file structure01.tsv (TSV, C-alpha atoms)
chain	number	residue	atom	x	y	z
N	309	MET	CA	113.80	109.86	60.92
N	310	PHE	CA	112.24	113.17	62.02
N	311	TYR	CA	111.84	112.01	65.62
N	312	SER	CA	115.30	110.42	65.81
N	313	LEU	CA	116.86	113.77	64.89
N	314	LEU	CA	114.95	115.62	67.60
N	315	LYS	CA	115.21	112.98	70.33
N	316	PRO	CA	118.70	113.99	71.59
N	317	PHE	CA	117.39	117.52	72.17
N	318	PHE	CA	114.18	116.28	73.77
N	319	PHE	CA	116.06	114.02	76.15
N	320	GLN	CA	118.17	116.92	77.42
N	321	CYS	CA	115.00	118.66	78.62
N	322	ASP	CA	112.88	118.04	81.69
N	323	PRO	CA	110.67	115.03	80.83
N	324	GLU	CA	107.38	116.61	81.83
N	325	HIS	CA	108.14	119.95	80.19
N	326	ILE	CA	109.01	118.31	76.87
N	327	HIS	CA	105.98	116.05	77.16
N	328	GLU	CA	103.73	119.11	77.53
N	329	PHE	CA	105.48	120.81	74.61
N	330	ILE	CA	104.99	117.81	72.30
N	331	ILE	CA	101.32	117.48	73.26
N	332	LYS	CA	100.83	121.18	72.54
N	333	VAL	CA	102.50	120.88	69.11
N	334	ALA	CA	100.41	117.77	68.36
N	335	HIS	CA	97.26	119.63	69.40
N	336	LEU	CA	98.05	122.65	67.22
N	337	GLY	CA	99.27	120.59	64.26
N	338	PRO	CA	97.27	117.36	64.00
N	339	GLN	CA	98.26	117.07	60.33
N	340	LEU	CA	101.80	116.38	61.54
N	341	GLY	CA	100.39	113.07	62.64
N	342	LYS	CA	99.79	112.16	59.01
N	343	LEU	CA	103.28	113.27	57.97
N	344	THR	CA	105.01	111.18	60.62
N	345	GLY	CA	102.55	108.30	60.99
N	346	THR	CA	101.15	105.44	58.98
N	347	ASN	CA	97.73	104.07	58.06
N	348	PRO	CA	97.33	100.50	59.29
N	349	SER	CA	96.39	97.96	56.65
N	350	ASP	CA	92.95	96.36	56.77
N	351	LYS	CA	94.84	93.10	57.32
N	352	LEU	CA	95.66	94.28	60.86
N	353	SER	CA	92.09	94.98	61.96
N	354	LEU	CA	90.74	92.78	64.75
N	355	LYS	CA	87.80	92.67	67.12
N	356	ILE	CA	88.42	93.49	70.78
N	357	GLY	CA	85.27	93.29	72.85
N	358	HIS	CA	82.53	94.90	70.75
N	359	LEU	CA	84.99	97.12	68.90
N	360	GLN	CA	87.03	96.83	65.74
N	361	TRP	CA	90.60	97.96	66.45
N	362	ARG	CA	92.57	99.15	63.41
N	363	SER	CA	95.62	97.17	64.59
N	364	PRO	CA	96.55	95.14	67.67
N	365	VAL	CA	98.67	97.98	69.12
N	366	GLY	CA	96.81	100.63	71.12
N	367	LEU	CA	98.00	103.81	72.83
N	368	ALA	CA	98.02	103.38	76.60
N	369	ALA	CA	96.53	105.95	78.95
N	370	GLY	CA	98.84	108.59	80.32
N	371	LEU	CA	100.36	109.95	77.14
N	372	ASP	CA	97.37	112.11	76.21
N	373	LYS	CA	95.81	112.60	79.63
N	374	ASN	CA	93.52	115.44	78.59
N	375	ALA	CA	92.47	114.24	75.11
N	376	GLU	CA	94.22	117.24	73.57
N	377	ALA	CA	95.98	115.46	70.69
N	378	LEU	CA	93.75	112.55	69.70
N	379	ASP	CA	93.51	113.88	66.14
N	380	PHE	CA	97.31	113.67	65.90
N	381	PHE	CA	97.57	110.20	67.45
N	382	SER	CA	94.74	108.86	65.29
N	383	HIS	CA	97.11	109.15	62.29
N	384	GLN	CA	100.12	107.48	63.92
N	385	GLY	CA	99.16	103.87	63.22
N	386	PHE	CA	97.56	102.86	66.52
N	387	GLY	CA	94.65	100.43	66.67
N	388	ALA	CA	92.85	102.34	69.42
N	389	LEU	CA	93.54	105.33	71.67
N	390	GLU	CA	93.04	105.68	75.40
N	391	CYS	CA	93.00	109.08	77.10
N	392	GLY	CA	93.16	109.88	80.80
N	393	THR	CA	93.26	109.16	83.61
N	394	ILE	CA	90.27	111.51	83.89
N	395	THR	CA	88.84	112.55	87.25
N	396	LEU	CA	85.51	114.22	87.95
N	397	LYS	CA	87.06	117.46	89.17
N	398	PRO	CA	90.22	119.04	87.74
N	399	GLN	CA	93.34	117.99	89.62
N	400	ILE	CA	96.86	119.43	89.62
N	401	GLY	CA	98.49	116.20	90.73
N	402	ASN	CA	101.57	115.76	92.90
N	403	PRO	CA	104.43	118.28	93.23
N	404	ARG	CA	107.06	118.47	90.48
N	405	PRO	CA	109.47	117.04	89.46
N	406	ARG	CA	107.36	113.94	88.98
N	407	MET	CA	108.56	112.36	85.74
N	408	PHE	CA	111.97	110.76	85.25
N	409	ARG	CA	113.76	108.89	82.46
N	410	TYR	CA	116.04	105.86	82.57
N	411	ILE	CA	117.38	106.20	79.06
N	412	GLU	CA	119.67	103.16	79.01
N	413	GLU	CA	116.86	100.98	80.31
N	414	LYS	CA	114.20	102.58	78.08
N	415	SER	CA	111.97	103.15	81.09
N	416	LEU	CA	110.11	105.98	82.79
N	417	ARG	CA	109.16	106.71	86.39
N	418	ASN	CA	106.28	108.98	87.25
N	419	SER	CA	104.58	110.15	90.41
N	420	MET	CA	102.01	112.29	88.60
N	421	GLY	CA	98.93	111.71	90.76
N	422	PHE	CA	96.27	112.00	88.01
N	423	PRO	CA	96.84	115.64	86.93
N	424	ASN	CA	94.08	116.42	84.43
N	425	HIS	CA	91.64	119.10	83.32
N	426	GLY	CA	88.60	117.31	84.74
N	427	LEU	CA	85.49	115.76	83.22
N	428	VAL	CA	83.75	118.89	81.92
N	429	THR	CA	86.72	120.19	79.94
N	430	ILE	CA	87.87	116.82	78.61
N	431	SER	CA	84.39	115.70	77.59
N	432	SER	CA	84.15	118.66	75.19
N	433	ARG	CA	87.17	117.26	73.28
N	434	LEU	CA	85.69	113.81	72.78
N	435	ASN	CA	82.46	114.56	70.94
N	436	HIS	CA	83.53	113.79	67.39
N	437	ASN	CA	84.64	110.80	65.34
N	438	PHE	CA	88.38	110.11	65.37
N	439	GLY	CA	88.14	107.13	63.03
N	440	LEU	CA	89.21	104.49	65.55
N	441	PRO	CA	88.08	103.31	69.00
N	442	ILE	CA	88.59	105.81	71.82
N	443	GLY	CA	88.77	104.71	75.43
N	444	ALA	CA	88.37	106.79	78.58
N	445	ASN	CA	90.55	105.80	81.51
N	446	ILE	CA	88.77	107.09	84.62
N	447	GLY	CA	89.73	107.32	88.28
N	448	LYS	CA	88.74	108.90	91.55
N	449	ASN	CA	89.85	112.32	92.77
N	450	LYS	CA	92.67	112.19	95.30
N	451	ASP	CA	90.63	113.26	98.33
N	452	SER	CA	87.48	111.27	97.55
N	453	THR	CA	86.42	108.43	99.81
N	454	PRO	CA	85.62	105.03	98.30
N	455	ASP	CA	81.89	105.76	98.69
N	456	GLU	CA	82.27	109.14	96.99
N	457	SER	CA	84.27	107.55	94.19
N	458	LEU	CA	81.33	105.33	93.27
N	459	ASP	CA	79.28	108.43	92.44
N	460	GLU	CA	82.22	110.12	90.71
N	461	LEU	CA	82.92	107.20	88.40
N	462	GLY	CA	79.23	106.76	87.66
N	463	THR	CA	78.90	110.43	86.72
N	464	MET	CA	81.86	110.17	84.35
N	465	VAL	CA	80.49	107.07	82.63
N	466	ALA	CA	77.05	108.66	82.24
N	467	THR	CA	78.54	111.89	80.88
N	468	LEU	CA	81.00	110.29	78.43
N	469	GLY	CA	78.76	107.44	77.33
N	470	ASP	CA	77.99	108.92	73.91
N	471	ASP	CA	81.51	110.17	73.24
N	472	VAL	CA	83.86	107.24	73.90
N	473	ASP	CA	83.85	103.60	72.87
N	474	TYR	CA	85.08	101.90	76.03
N	475	PHE	CA	85.86	102.65	79.67
N	476	VAL	CA	88.78	101.61	81.85
N	477	VAL	CA	88.54	101.99	85.62
N	478	ASN	CA	91.96	102.74	87.06
N	479	VAL	CA	92.25	101.33	90.58
N	480	SER	CA	95.94	100.48	90.26
N	481	SER	CA	98.01	103.65	89.97
N	482	PRO	CA	100.59	103.80	92.77
N	483	ASN	CA	100.43	107.61	92.84
N	484	THR	CA	97.01	108.18	94.46
N	485	PRO	CA	96.97	107.29	98.18
N	486	GLY	CA	94.73	104.33	98.93
N	487	LEU	CA	93.80	103.68	95.29
N	488	ARG	CA	95.28	100.20	95.02
N	489	ALA	CA	93.32	99.19	98.13
N	490	LEU	CA	90.19	99.43	95.94
N	491	GLN	CA	91.24	96.29	94.05
N	492	GLU	CA	88.85	94.38	96.33
N	493	ARG	CA	85.82	92.20	95.58
N	494	GLY	CA	83.26	94.20	97.57
N	495	TYR	CA	84.14	97.59	96.12
N	496	LEU	CA	84.53	96.35	92.53
N	497	THR	CA	81.29	94.38	92.64
N	498	GLU	CA	79.34	97.44	93.82
N	499	LEU	CA	81.09	99.73	91.36
N	500	PHE	CA	80.67	97.69	88.20
N	501	SER	CA	77.12	96.68	89.09
N	502	GLU	CA	76.29	100.40	88.98
N	503	LEU	CA	78.37	101.19	85.91
N	504	LYS	CA	76.70	98.42	83.90
N	505	LYS	CA	73.36	100.11	84.56
N	506	LEU	CA	74.74	103.32	83.01
N	507	THR	CA	76.40	102.04	79.85
N	508	SER	CA	76.45	99.16	77.41
N	509	LYS	CA	79.97	100.10	76.31
N	510	ASP	CA	82.93	97.80	76.96
N	511	LEU	CA	84.17	97.97	80.55
N	512	PHE	CA	87.71	97.11	81.64
N	513	ILE	CA	89.58	97.19	84.93
N	514	LYS	CA	93.26	98.14	84.98
N	515	ILE	CA	95.25	96.15	87.51
N	516	ALA	CA	98.66	96.48	89.16
N	517	PRO	CA	101.69	94.32	88.30
N	518	ASP	CA	102.71	93.94	91.94
N	519	LEU	CA	99.91	91.57	92.95
N	520	GLU	CA	100.33	88.09	94.38
N	521	GLN	CA	99.30	85.19	92.15
N	522	ASP	CA	96.15	84.47	94.17
N	523	LYS	CA	95.07	88.10	93.83
N	524	ILE	CA	95.61	88.06	90.06
N	525	ILE	CA	93.41	84.98	89.80
N	526	GLU	CA	90.78	86.56	92.05
N	527	LEU	CA	90.57	89.75	89.98
N	528	ALA	CA	90.44	87.88	86.68
N	529	SER	CA	87.72	85.55	87.98
N	530	LEU	CA	85.79	88.49	89.41
N	531	SER	CA	85.99	90.31	86.06
N	532	HIS	CA	84.44	87.25	84.42
N	533	GLU	CA	81.81	86.98	87.15
N	534	LEU	CA	80.86	90.65	86.72
N	535	LYS	CA	80.70	90.20	82.93
N	536	LEU	CA	83.32	92.85	82.21
N	537	THR	CA	84.83	92.95	78.74
N	538	GLY	CA	88.23	92.33	80.26
N	539	LEU	CA	91.32	93.57	82.01
N	540	ILE	CA	94.15	95.88	81.11
N	541	ALA	CA	97.29	94.39	82.56
N	542	THR	CA	99.23	96.15	83.82
N	543	ASN	CA	99.72	99.57	85.34
N	544	THR	CA	103.16	100.80	86.43
N	545	THR	CA	105.24	98.98	89.05
N	546	ILE	CA	106.65	100.13	92.36
N	547	MET	CA	110.45	99.97	92.74
N	548	PRO	CA	111.27	101.82	95.97
N	549	GLU	CA	114.99	101.69	95.29
N	550	ARG	CA	114.39	103.88	92.22
N	551	GLY	CA	112.28	106.46	94.06
N	552	VAL	CA	108.63	107.35	94.58
N	553	GLY	CA	106.17	106.61	91.79
N	554	GLY	CA	105.41	103.97	89.20
N	555	ILE	CA	107.82	102.62	86.60
N	556	SER	CA	106.92	101.74	83.00
N	557	GLY	CA	108.95	100.47	80.07
N	558	LYS	CA	111.52	97.69	80.00
N	559	LEU	CA	111.94	97.69	83.79
N	560	LEU	CA	108.27	96.71	84.05
N	561	GLN	CA	108.30	93.97	81.42
N	562	GLN	CA	109.19	90.96	83.55
N	563	LYS	CA	106.56	91.70	86.20
N	564	ALA	CA	103.91	92.53	83.62
N	565	SER	CA	104.64	89.36	81.65
N	566	ARG	CA	104.12	87.29	84.80
N	567	VAL	CA	100.65	88.81	85.17
N	568	HIS	CA	99.83	88.36	81.48
N	569	GLU	CA	100.81	84.69	81.60
N	570	LYS	CA	98.80	83.98	84.73
N	571	ILE	CA	95.59	85.64	83.50
N	572	LEU	CA	95.78	84.15	80.02
N	573	SER	CA	96.49	80.68	81.41
N	574	LEU	CA	93.05	80.78	83.07
N	575	GLN	CA	91.46	80.78	79.58
N	576	LEU	CA	88.54	82.90	80.72
N	577	PRO	CA	86.31	84.55	78.08
N	578	LEU	CA	87.88	87.94	78.73
N	579	GLU	CA	89.82	90.38	76.60
N	580	VAL	CA	93.26	90.87	78.14
N	581	ILE	CA	94.96	93.99	76.82
N	582	CYS	CA	98.63	93.56	77.68
N	583	VAL	CA	100.80	96.51	78.70
N	584	GLY	CA	104.31	96.73	80.09
N	585	GLY	CA	107.66	96.96	78.32
N	586	ILE	CA	106.34	96.05	74.87
N	587	SER	CA	108.56	97.52	72.17
N	588	HIS	CA	109.08	94.89	69.44
N	589	PHE	CA	107.02	92.48	67.37
N	590	ASP	CA	108.81	89.71	69.26
N	591	ASP	CA	107.19	91.01	72.47
N	592	ILE	CA	103.79	90.87	70.80
N	593	LYS	CA	104.46	87.36	69.52
N	594	SER	CA	105.23	86.27	73.08
N	595	ILE	CA	101.82	87.55	74.17
N	596	TRP	CA	100.14	85.83	71.22
N	597	ARG	CA	101.79	82.55	72.24
N	598	MET	CA	100.14	82.92	75.66
N	599	GLY	CA	96.75	83.39	73.99
N	600	GLY	CA	96.60	87.20	74.05
N	601	LYS	CA	95.65	89.45	71.15
N	602	ALA	CA	95.95	93.21	71.80
N	603	VAL	CA	98.61	95.32	73.48
N	604	GLN	CA	99.13	98.94	74.45
N	605	ILE	CA	102.33	100.98	74.45
N	606	TYR	CA	103.47	104.24	76.00
N	607	SER	CA	107.13	104.25	77.05
N	608	ALA	CA	108.33	102.53	73.86
N	609	TYR	CA	106.59	105.22	71.81
N	610	VAL	CA	108.38	107.90	73.85
N	611	PHE	CA	111.77	106.29	73.22
N	612	GLU	CA	111.25	105.18	69.61
N	613	GLY	CA	108.68	107.59	68.17
N	614	PRO	CA	106.29	106.96	65.25
N	615	GLN	CA	108.80	104.71	63.49
N	616	LEU	CA	108.03	102.03	66.09
N	617	LEU	CA	104.45	101.65	64.87
N	618	LYS	CA	105.49	101.58	61.22
N	619	LYS	CA	107.99	98.83	62.00
N	620	ILE	CA	105.62	96.68	64.08
N	621	ASN	CA	102.74	96.99	61.61
N	622	SER	CA	105.05	96.11	58.73
N	623	GLU	CA	106.42	93.06	60.58
N	624	ILE	CA	102.93	91.78	61.37
N	625	ILE	CA	101.93	92.07	57.71
N	626	HIS	CA	105.14	90.27	56.71
N	627	PHE	CA	104.30	87.47	59.17
N	628	LEU	CA	100.77	87.11	57.75
N	629	ASN	CA	101.99	87.11	54.16
N	630	LYS	CA	104.73	84.61	54.92
N	631	HIS	CA	102.15	82.13	56.18
N	632	ASP	CA	99.58	82.99	53.52
N	633	ILE	CA	97.09	84.27	56.11
N	634	SER	CA	94.70	86.92	54.82
N	635	ASP	CA	94.38	88.99	58.01
N	636	LEU	CA	94.67	88.96	61.79
N	637	GLU	CA	91.04	87.95	62.28
N	638	THR	CA	91.79	84.78	60.33
N	639	PHE	CA	94.96	84.19	62.36
N	640	PHE	CA	93.10	84.49	65.66
N	641	SER	CA	90.34	82.18	64.45
N	642	LEU	CA	92.90	79.35	64.38
N	643	PRO	CA	93.30	77.06	67.41
N	644	LEU	CA	95.96	78.32	69.82
N	645	GLU	CA	98.20	75.33	69.10
N	646	GLU	CA	98.21	76.20	65.39
N	647	ARG	CA	98.93	79.86	66.12
N	648	ILE	CA	101.88	78.88	68.30
N	649	ARG	CA	103.21	76.60	65.55
N	650	LEU	CA	103.10	79.45	63.04
N	651	LEU	CA	104.69	81.89	65.49
N	652	ASP	CA	107.52	79.47	66.15
N	653	HIS	CA	108.07	78.69	62.47
N	654	PRO	CA	111.48	80.03	61.39
call {"tool": "encode", "arguments": {"input": "structure01.tsv", "output": "structure tokens"}}
result
Amino acid sequence: MFYSLLKPFFFQCDPEHIHEFIIKVAHLGPQLGKLTGTNPSDKLSLKIGHLQWRSPVGLAAGLDKNAEALDFFSHQGFGALECGTITLKPQIGNPRPRMFRYIEEKSLRNSMGFPNHGLVTISSRLNHNFGLPIGANIGKNKDSTPDESLDELGTMVATLGDDVDYFVVNVSSPNTPGLRALQERGYLTELFSELKKLTSKDLFIKIAPDLEQDKIIELASLSHELKLTGLIATNTTIMPERGVGGISGKLLQQKASRVHEKILSLQLPLEVICVGGISHFDDIKSIWRMGGKAVQIYSAYVFEGPQLLKKINSEIIHFLNKHDISDLETFFSLPLEERIRLLDHP
């Protein structure tokens, strides 16, 4: 209710300016997170990698780039939180304006270019317990070469190893020149071989939605070969007719779903955290039918506010109760065919 009253005003303002304002308010008033959020039921807890998420819906990277408002978001009803993208050195990103709304299509376009406060500043905000898993989404500085990026990413993992619960390597943003070219076997093999020497925490790779089918299979198979925890699929999509940058929200959903379906159909022992246009329990059920478990949201949270999480969590609990299932762990212990039958039950 609170957010729905303010949203018309927010959406009259520049998207990035209002984003910065909301993050500042959330930073200064973390208790507002309790007033507007919800505590997930224990029934929603499930294991992702080595971690126990409080619910199957996580916060995607990009919303709290600098880990300024994790206290606030920890009370909203998310299962896990991901900050970043973090780079080794502070970075101002690309010129403004660089964030745009498509209100009717519940989508966003950004050409941010990894603006963030840098490792040293952000790491100081991550050294306490937020009560749920915290992930660090990390990427290379804009002007770094691929060889330099290996050292940068290694330094970030070594520095943050005691303060976060999992790492996501972002090689798929369309807003850093040459970044998507790093989605290659040689580079990723060298990178993750080094990172695995530096941490025992869960490691994920975040991939683009604009890949050919063969490339999706290659990256999923390589993730299994390198013994990563899994993949986050997907990042934003390129739609040149809309302008420069990457698009998230409903306009991304079809492409992202294609990637989800392809990876999950391989039935590899990987966690696949699905992102892209997810805004309803029906969207989550579609991912569960494919064999997925966890999702992340960003754009839907911008358009719907905290009420979205309350609604989704409530609907999941209703689904479990309807089928006399004690919790999500029990649901996911069932064979996929049985899960699909329950999901399709009227």
call {"tool": "closest_residue", "arguments": {"input": "structure01.tsv", "among": "N:Glu456, N:Glu328, N:Glu549, N:Glu579", "to": "Ile513 of chain N", "atoms": "only C-alpha atoms"}}
result
N:Glu579
call {"tool": "residues_near_point", "arguments": {"input": "structure01.tsv", "point": "(81.0, 114.1, 69.3)", "cutoff": "10 Å", "atoms": "only C-alpha atoms", "output": "count of residues only"}}
result
12
call {"tool": "closest_residue", "arguments": {"input": "structure01.tsv", "among": "N:Leu354, N:Leu416, N:Ile400, N:Leu578", "to": "Leu440 of chain N", "atoms": "all atoms listed in the file"}}
result
N:Leu354
call {"tool": "closest_residue", "arguments": {"input": "structure01.tsv", "among": "N:Phe589, N:Phe500, N:Tyr606, N:Phe380", "to": "Lys618 of chain N", "atoms": "all atoms listed in the file"}}
result
N:Phe589
call {"tool": "residues_around", "arguments": {"input": "structure01.tsv", "residues": "Glu646 of chain N", "least_positions_apart": "6", "cutoff": "12 Å", "atoms": "all atoms listed in the file", "output": "count of residues only"}}
result
9
call {"tool": "closest_residue", "arguments": {"input": "structure01.tsv", "among": "N:Glu413, N:Glu612, N:Glu645, N:Glu623", "to": "Ser349 of chain N", "atoms": "all atoms listed in the file"}}
result
N:Glu623
call {"tool": "closest_residue", "arguments": {"input": "structure01.tsv", "among": "N:Leu490, N:Leu371, N:Leu336, N:Val567", "to": "Glu520 of chain N", "atoms": "only C-alpha atoms"}}
result
N:Val567
call {"tool": "closest_residue", "arguments": {"input": "structure01.tsv", "among": "N:Phe386, N:His425, N:Ser419, N:Tyr410", "to": "Lys373 of chain N", "atoms": "all atoms listed in the file"}}
result
N:His425
call {"tool": "residues_near_point", "arguments": {"input": "structure01.tsv", "point": "(101.3, 94.8, 57.2)", "cutoff": "10 Å", "atoms": "only C-alpha atoms", "output": "ChimeraX atom specification"}}
result
/N:347-352,363,618-629,635-636
call {"tool": "atom_distance", "arguments": {"input": "structure01.tsv", "atom1": "atom CA of Arg417 of chain N", "atom2": "atom CA of His588 of chain N"}}
result
20.7 Å
call {"tool": "residues_around", "arguments": {"input": "structure01.tsv", "residues": "segment 568-572 of chain N", "least_positions_apart": "6", "cutoff": "9 Å", "atoms": "all atoms listed in the file", "output": "list in words"}}
result
Gln521, Ile524, Ile525, Ala528, Ala541, Thr542, Leu578, Val580, Ile581, Cys582, Val583, Ile595, Met598, Gly599 and Gly600 of chain N
call {"tool": "residues_around", "arguments": {"input": "structure01.tsv", "residues": "Leu576 of chain N", "least_positions_apart": "6", "cutoff": "10 Å", "atoms": "all atoms listed in the file", "output": "PyMOL selection string"}}
result
chain N and resi 528-529+531-532+538
call {"tool": "write_last_selection", "arguments": {"input": "structure01.tsv", "atoms": "C-alpha atoms", "output": "mmCIF file, in the coordinates of the input"}}
result
data_model
loop_
_atom_site.group_PDB
_atom_site.id
_atom_site.type_symbol
_atom_site.label_atom_id
_atom_site.label_comp_id
_atom_site.auth_asym_id
_atom_site.auth_seq_id
_atom_site.Cartn_x
_atom_site.Cartn_y
_atom_site.Cartn_z
ATOM 1 C CA ALA N 528 90.440 87.880 86.680
ATOM 2 C CA SER N 529 87.720 85.550 87.980
ATOM 3 C CA SER N 531 85.990 90.310 86.060
ATOM 4 C CA HIS N 532 84.440 87.250 84.420
ATOM 5 C CA GLY N 538 88.230 92.330 80.260
#
call {"tool": "residues_around", "arguments": {"input": "structure01.tsv", "residues": "Asn478 of chain N", "least_positions_apart": "2", "cutoff": "12 Å", "atoms": "all atoms listed in the file", "output": "VMD selection string"}}
result
chain N and resid 369 to 370 391 to 395 421 to 422 444 to 449 457 461 475 to 476 480 to 484 487 to 491 496 511 to 516 539 to 544
call {"tool": "atom_distance", "arguments": {"input": "structure01.tsv", "atom1": "atom CA of Gly385 of chain N", "atom2": "atom CA of Lys563 of chain N"}}
result
27.0 Å
call {"tool": "atom_distance", "arguments": {"input": "structure01.tsv", "atom1": "atom CA of Val477 of chain N", "atom2": "atom CA of Tyr609 of chain N"}}
result
23.0 Å
call {"tool": "residues_around", "arguments": {"input": "structure01.tsv", "residues": "Ala334 of chain N", "least_positions_apart": "5", "cutoff": "9 Å", "atoms": "all atoms listed in the file", "output": "number ranges by chain"}}
result
N: 329, 339-341, 376-381
